[in-house]
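Worksheet: the structure to be examined is printed underneath.
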Amino acid sequence: MTDNTGHKEKIKAKKIEKTKPDNILNAVRTAAKIADEKKADYVRILDMRSRLIITDYFIIISAKNTRLTRRIEEDICFSLKKQKLYPKNITGAGEGNWILIDYYDFVIHVFTEQFRQFYDLERLWKDSKEIKWEQ
């Protein structure tokens, strides 16, 4: 890349590593527990391995308001970063009604309750197995 002075600048891309298979479910359960601790109203994990090739799990979360959905997203990302897990992409955090966090092997959907009921992903993927995460 060349900056405005004409000097070439080397950009070091952050290496993104896929989650190891034995750690995926632990990370998914960690995200669900964090959402629950942050007072999410609804937390479900769906096993998508037999349904999709792009991801293994969906975590569907809803909270009362956009302030809380953003807080849940921030806390999940912060906690998983400590485990050296970085999202591929985060969309919707600005508005907060539907925040999608893509970790390659699992995708976290953080909704306000109104948006969760409207999009009703659980109905769309009703044949998917639900994973228990509570202790």
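Every chain in the structure tokens has a letter given in the order shown (A, B, ...), and although residue numbers restart at 1 in each chain, ligands are simply numbered from 1 in the order shown.
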
Picked from chain A by DSSP as helix (DSSP H, G or I), as a PyMOL selection string: chain A and resi 21-37+66-82+113-119+121-124

I need the residues from that last selection saved to file as a compact mmCIF listing (two decimals), in the first residue's frame (with C-alpha atoms), if you can.
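What landed in result-v9.txt:
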# COMPACT_ATOMS: atom_id res chain seq x y z
CA PRO A 21 -12.92 -28.64 17.00
CA ASP A 22 -12.56 -29.61 20.66
CA ASN A 23 -12.79 -25.96 21.71
CA ILE A 24 -15.76 -24.94 19.59
CA LEU A 25 -18.49 -26.23 21.88
CA ASN A 26 -16.72 -24.82 24.95
CA ALA A 27 -16.56 -21.38 23.30
CA VAL A 28 -20.23 -21.61 22.31
CA ARG A 29 -21.26 -22.51 25.85
CA THR A 30 -19.08 -19.72 27.24
CA ALA A 31 -20.88 -17.21 25.02
CA ALA A 32 -24.26 -18.51 26.15
CA LYS A 33 -23.27 -18.29 29.83
CA ILE A 34 -22.01 -14.73 29.41
CA ALA A 35 -25.31 -13.71 27.79
CA ASP A 36 -27.20 -15.32 30.66
CA GLU A 37 -25.02 -13.56 33.25
CA THR A 66 -30.38 -2.20 22.41
CA ARG A 67 -28.16 -0.99 25.25
CA LEU A 68 -28.22 -4.49 26.68
CA THR A 69 -27.70 -6.22 23.30
CA ARG A 70 -24.58 -4.10 22.73
CA ARG A 71 -23.30 -4.88 26.22
CA ILE A 72 -23.81 -8.61 25.68
CA GLU A 73 -21.95 -8.42 22.33
CA GLU A 74 -19.05 -6.51 23.91
CA ASP A 75 -18.72 -8.88 26.86
CA ILE A 76 -18.85 -12.01 24.69
CA CYS A 77 -16.20 -10.64 22.32
CA PHE A 78 -14.00 -9.53 25.23
CA SER A 79 -14.21 -12.92 26.92
CA LEU A 80 -13.56 -14.94 23.75
CA LYS A 81 -10.65 -12.65 22.85
CA LYS A 82 -8.99 -13.78 26.10
CA GLU A 113 -36.97 -9.41 21.79
CA GLN A 114 -39.09 -7.72 19.13
CA PHE A 115 -36.56 -8.51 16.38
CA ARG A 116 -36.05 -12.09 17.57
CA GLN A 117 -39.77 -12.76 17.40
CA PHE A 118 -40.07 -11.10 13.99
CA TYR A 119 -37.20 -13.04 12.34
CA LEU A 121 -34.75 -18.10 13.41
CA GLU A 122 -35.78 -20.94 15.69
CA ARG A 123 -38.79 -21.66 13.47
CA LEU A 124 -36.67 -21.43 10.34

Gap from CA of Val110 in chain A to CA of Gly92 in chain A - Å, one decimal: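 CA of Val110 in chain A sits 9.3 Å away from CA of Gly92 in chain A.
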
A:Tyr42, A:Ser62, A:Leu85, A:Lys132 ranked by distance to Trp98 in chain A, top pick (using only C-alpha atoms):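 Ranked by minimum distance to Trp98 in chain A, first place goes to A:Ser62.
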
All strand (DSSP E or B) positions in chain A, as a ChimeraX atom specification: /A:2,8,42-47,57-63,89-91,98-102,106-112,129-131

I need the chosen residues saved as an mmCIF file, in the first residue's frame, with N, CA and C atoms.
data_model
loop_
_atom_site.group_PDB
_atom_site.id
_atom_site.type_symbol
_atom_site.label_atom_id
_atom_site.label_comp_id
_atom_site.auth_asym_id
_atom_site.auth_seq_id
_atom_site.Cartn_x
_atom_site.Cartn_y
_atom_site.Cartn_z
ATOM 1 N N THR A 2 0.502 2.259 -0.707
ATOM 2 C CA THR A 2 1.258 3.491 -0.776
ATOM 3 C C THR A 2 0.482 4.583 -0.056
ATOM 4 N N LYS A 8 5.973 3.316 0.411
ATOM 5 C CA LYS A 8 5.260 2.046 0.522
ATOM 6 C C LYS A 8 5.167 1.651 1.981
ATOM 7 N N TYR A 42 -33.357 -14.595 26.703
ATOM 8 C CA TYR A 42 -33.526 -15.816 25.915
ATOM 9 C C TYR A 42 -32.157 -16.215 25.384
ATOM 10 N N VAL A 43 -31.776 -17.478 25.585
ATOM 11 C CA VAL A 43 -30.502 -17.984 25.072
ATOM 12 C C VAL A 43 -30.722 -19.415 24.581
ATOM 13 N N ARG A 44 -30.440 -19.647 23.315
ATOM 14 C CA ARG A 44 -30.547 -20.994 22.729
ATOM 15 C C ARG A 44 -29.339 -21.259 21.846
ATOM 16 N N ILE A 45 -28.871 -22.504 21.865
ATOM 17 C CA ILE A 45 -27.793 -22.942 20.981
ATOM 18 C C ILE A 45 -28.366 -23.994 20.051
ATOM 19 N N LEU A 46 -28.195 -23.774 18.748
ATOM 20 C CA LEU A 46 -28.663 -24.739 17.757
ATOM 21 C C LEU A 46 -27.465 -25.374 17.062
ATOM 22 N N ASP A 47 -27.498 -26.694 16.945
ATOM 23 C CA ASP A 47 -26.462 -27.443 16.246
ATOM 24 C C ASP A 47 -26.786 -27.411 14.756
ATOM 25 N N TYR A 57 -22.607 -23.932 14.686
ATOM 26 C CA TYR A 57 -23.598 -23.616 15.716
ATOM 27 C C TYR A 57 -24.140 -22.200 15.529
ATOM 28 N N PHE A 58 -25.405 -22.022 15.880
ATOM 29 C CA PHE A 58 -26.016 -20.709 16.034
ATOM 30 C C PHE A 58 -26.285 -20.537 17.521
ATOM 31 N N ILE A 59 -25.958 -19.377 18.041
ATOM 32 C CA ILE A 59 -26.358 -19.007 19.391
ATOM 33 C C ILE A 59 -27.362 -17.868 19.198
ATOM 34 N N ILE A 60 -28.563 -18.064 19.669
ATOM 35 C CA ILE A 60 -29.619 -17.063 19.515
ATOM 36 C C ILE A 60 -29.918 -16.484 20.888
ATOM 37 N N ILE A 61 -29.766 -15.170 20.984
ATOM 38 C CA ILE A 61 -29.882 -14.461 22.257
ATOM 39 C C ILE A 61 -30.833 -13.288 22.056
ATOM 40 N N SER A 62 -31.650 -13.017 23.066
ATOM 41 C CA SER A 62 -32.417 -11.767 23.022
ATOM 42 C C SER A 62 -32.342 -11.072 24.375
ATOM 43 N N ALA A 63 -32.482 -9.750 24.303
ATOM 44 C CA ALA A 63 -32.426 -8.911 25.503
ATOM 45 C C ALA A 63 -33.478 -7.809 25.379
ATOM 46 N N ASN A 89 -16.382 -11.222 11.603
ATOM 47 C CA ASN A 89 -17.166 -10.035 11.281
ATOM 48 C C ASN A 89 -18.204 -9.793 12.370
ATOM 49 N N ILE A 90 -18.492 -8.521 12.597
ATOM 50 C CA ILE A 90 -19.571 -8.122 13.498
ATOM 51 C C ILE A 90 -20.420 -7.101 12.748
ATOM 52 N N THR A 91 -21.715 -7.364 12.645
ATOM 53 C CA THR A 91 -22.601 -6.406 11.985
ATOM 54 C C THR A 91 -23.783 -6.085 12.899
ATOM 55 N N TRP A 98 -30.298 -6.198 15.995
ATOM 56 C CA TRP A 98 -29.847 -7.547 15.613
ATOM 57 C C TRP A 98 -28.352 -7.453 15.367
ATOM 58 N N ILE A 99 -27.591 -7.941 16.304
ATOM 59 C CA ILE A 99 -26.133 -7.952 16.180
ATOM 60 C C ILE A 99 -25.716 -9.365 15.811
ATOM 61 N N LEU A 100 -24.972 -9.479 14.725
ATOM 62 C CA LEU A 100 -24.494 -10.779 14.269
ATOM 63 C C LEU A 100 -22.981 -10.816 14.448
ATOM 64 N N ILE A 101 -22.499 -11.817 15.178
ATOM 65 C CA ILE A 101 -21.068 -11.981 15.429
ATOM 66 C C ILE A 101 -20.646 -13.310 14.817
ATOM 67 N N ASP A 102 -19.809 -13.257 13.799
ATOM 68 C CA ASP A 102 -19.403 -14.447 13.057
ATOM 69 C C ASP A 102 -18.013 -14.895 13.493
ATOM 70 N N PHE A 106 -18.993 -20.771 14.591
ATOM 71 C CA PHE A 106 -20.271 -20.487 15.233
ATOM 72 C C PHE A 106 -20.636 -19.030 14.990
ATOM 73 N N VAL A 107 -21.940 -18.792 14.942
ATOM 74 C CA VAL A 107 -22.454 -17.451 14.700
ATOM 75 C C VAL A 107 -23.387 -17.094 15.845
ATOM 76 N N ILE A 108 -23.163 -15.911 16.402
ATOM 77 C CA ILE A 108 -23.967 -15.443 17.520
ATOM 78 C C ILE A 108 -24.918 -14.366 17.014
ATOM 79 N N HIS A 109 -26.207 -14.557 17.277
ATOM 80 C CA HIS A 109 -27.240 -13.581 16.931
ATOM 81 C C HIS A 109 -27.739 -12.975 18.241
ATOM 82 N N VAL A 110 -27.558 -11.676 18.416
ATOM 83 C CA VAL A 110 -28.036 -10.995 19.614
ATOM 84 C C VAL A 110 -29.136 -10.033 19.170
ATOM 85 N N PHE A 111 -30.359 -10.334 19.567
ATOM 86 C CA PHE A 111 -31.540 -9.579 19.149
ATOM 87 C C PHE A 111 -32.158 -8.818 20.319
ATOM 88 N N THR A 112 -32.912 -7.774 19.979
ATOM 89 C CA THR A 112 -33.919 -7.308 20.922
ATOM 90 C C THR A 112 -35.063 -8.315 20.801
ATOM 91 N N LYS A 129 -30.985 -29.591 16.131
ATOM 92 C CA LYS A 129 -30.906 -30.049 17.517
ATOM 93 C C LYS A 129 -30.496 -28.880 18.418
ATOM 94 N N GLU A 130 -31.171 -28.779 19.566
ATOM 95 C CA GLU A 130 -30.797 -27.756 20.539
ATOM 96 C C GLU A 130 -29.741 -28.333 21.480
ATOM 97 N N ILE A 131 -28.711 -27.542 21.729
ATOM 98 C CA ILE A 131 -27.618 -27.947 22.623
ATOM 99 C C ILE A 131 -27.883 -27.362 24.006
#
